Amino acid sequence: MKTKSIFQTFSSRLLILLLNFGIIIFSTNFWGAEGRGVIALLVADLAVIGFFTNIIVGSSISYFAAKLAPGEILTYAYIWAVVCGISLPLFMLFNAHSREYLHYLIILSVLIALFTANISLFLGQKKLERYNAYSAMQNILHFLVIGIMVLVFKWESVEIYFKAQIFSYLVLVLIMFAIIWREIRFTRMKLSQSTVKKLFSYGWKTQLSAFLQFLNYRLSFYFLEIFRGVASVGVFSVSAAFSESVWTVSRSLALVLYSDVVNNADHHDSVAKTKFSVKLCFLATVLLLAVMLSIPTKIYMLIFGESFHEVKNVILVLSPGILMIAVSDIIGYYFAATHQLKILNIKSAVGLAVTVFCGLYAIPKWGLIGAGIVTSLSYSVSSLLLFWKFYQNTSFKGSDLFFTQSEFQQLLNMVNQKLFKK
């Protein structure tokens with residue numbers, strides 16, 4: 001894999017991570033655990049809607065960007081984004097928080113879907129610089145607009161978070177429209193059943209897995225809201241966000257790997273790159289988790305506020321699962337890039353079953369810690385299934401557990417290339 005692509009993607013993800021933490025720290029101190037809980041639940045609702053819009057606007061666009069006419073697939077993606085973005089939020093009205101913020105759900109659902117369609121095209125075309133730049137710019141704008149609304153206009157409502165988010169997506173979507181319009185030929189609208197079928201067939205399979213995995217990630221939020229209240233969701237969401245920040249490494253590697261493998265006809269080369277990425281990700285994640293767990297509870301309370309005193313305990317029980325997902329994400333992207341989607345759905349379904357059955361017992365009984373234990377167990381079980389399938393298909397060697405001499409030299413070269421680049 002190209003060192004430049006890895007470090008560019010990692011740098012972009014790191015910047016996004018830092019900006020998101022700035023927003024989290026602000027929201028916990030300004031709106032408290034309950035305000036943070038409202039944000040976490042609305043973001044989770046947007047994610048649920050996003051899994052349906054992403055059937056067409058997500059990985060399908062990336063996968064077929066080099067295989068079909070970009071103008072044609074984007075046309076279908078834009079139509080799908082608008083139709084689903086307006087209609088799907090109406091199915092969320094059974095939640096009190098969704099009813100209160102319905103107008104934000106609709107606007108953001110449409111804008112996020114359009115934004116996703118455009119950056120998915122960039123990813124599929126291997127234009128990682130654009131993909132990383134726009135992803136980072138959205139978070140920069142969101143962060144800056146929140147600051148202006150609070151510090152300049154003195155607004156205090158939690159709605160500031162969503163208004164700033166709408167502004168950031170709207171500005172970038174309009175800019176991307178202008179750029180794409182100049183570069184891509186949009187033919188007359190002529191419905192092609194074959195193209196729509198290809199997009200939908202690939203998309204629903206990848207999104208089914210992603211949706212089930214999302215429920216593994218966030219179903220605990222809804223259980224906590226039911227059994228322990230919105231404030232507990234706020235505390236757990238901060239713990240989850242902080243511990244999941246280590247996924248910056250794995251997802252940076254995974255994005256570069258996906259872009260590489262989806263355009264690579266050499267199976268053995270793809271497998272070798274995947275195995276190297278797995279080892280690199282494991283090493284980096286262990287080091288990051290060790291640093292995170294060394295931070296005293298008082299520091300977490302100082303950063304997030306007094307009501308977040310349980311954050312470190314939750315991170316501790318989440319850590320084993322966080323490590324498992326970090327490494328298995330690499331393998332998951334390999335399967336997605338090689339169109340082996342069935343195992344991803346099975347893996348996610350198994351993890352969801354663990355979350356549901358264990359969560360209904362542990363969360364009412366043990367609250368935040370119970371939610372952390374269940375989430376970590378779900379992550380671990382689903383990841384082990386993915387490991388088993390990958391090594392069943394590719395054969396397992398002792399060298400898969402450790403860096404070989406050539407891989408270690410490759411790692412040193414990657415570091416030296418960035419640190420001592422003239």
# chains A, B, ... in the order shown; residues from 1 in each chain; ligands from 1
$ residues_around --residues "region 228-231 of chain A" --least-positions-apart "3" --cutoff "8 Å" --atoms "only C-alpha atoms" --output "list in words"
Ala33, Glu34, Gly35, Arg36, Gly37, Val38, Phe223, Leu224, Glu225, Gly234, Val235, Pro364 and Gly367 of chain A
$ residues_around --residues "Glu159 (chain A)" --least-positions-apart "5" --cutoff "9 Å" --atoms "only C-alpha atoms" --output "short mmCIF file (atom, residue, chain, number, x, y, z; two decimals) with C-alpha atoms, in the first residue's frame"
data_model
loop_
_atom_site.label_atom_id
_atom_site.label_comp_id
_atom_site.auth_asym_id
_atom_site.auth_seq_id
_atom_site.Cartn_x
_atom_site.Cartn_y
_atom_site.Cartn_z
CA ILE A 39 -27.21 14.51 20.75
CA TYR A 101 -36.31 17.21 16.32
CA TYR A 104 -33.48 18.43 11.76
CA ALA A 164 -24.14 23.97 12.69
#
$ atom_distance --atom1 "CA of Phe200 (chain A)" --atom2 "CA of Gly71 (chain A)"
16.7 Å
$ closest_residue --among "A:Leu141, A:Met92, A:Leu172, A:Leu151" --to "Asn118 (chain A)" --atoms "only C-alpha atoms"
A:Leu172
$ atom_distance --atom1 "CA of Phe214 (chain A)" --atom2 "CA of Ala349 (chain A)"
10.7 Å
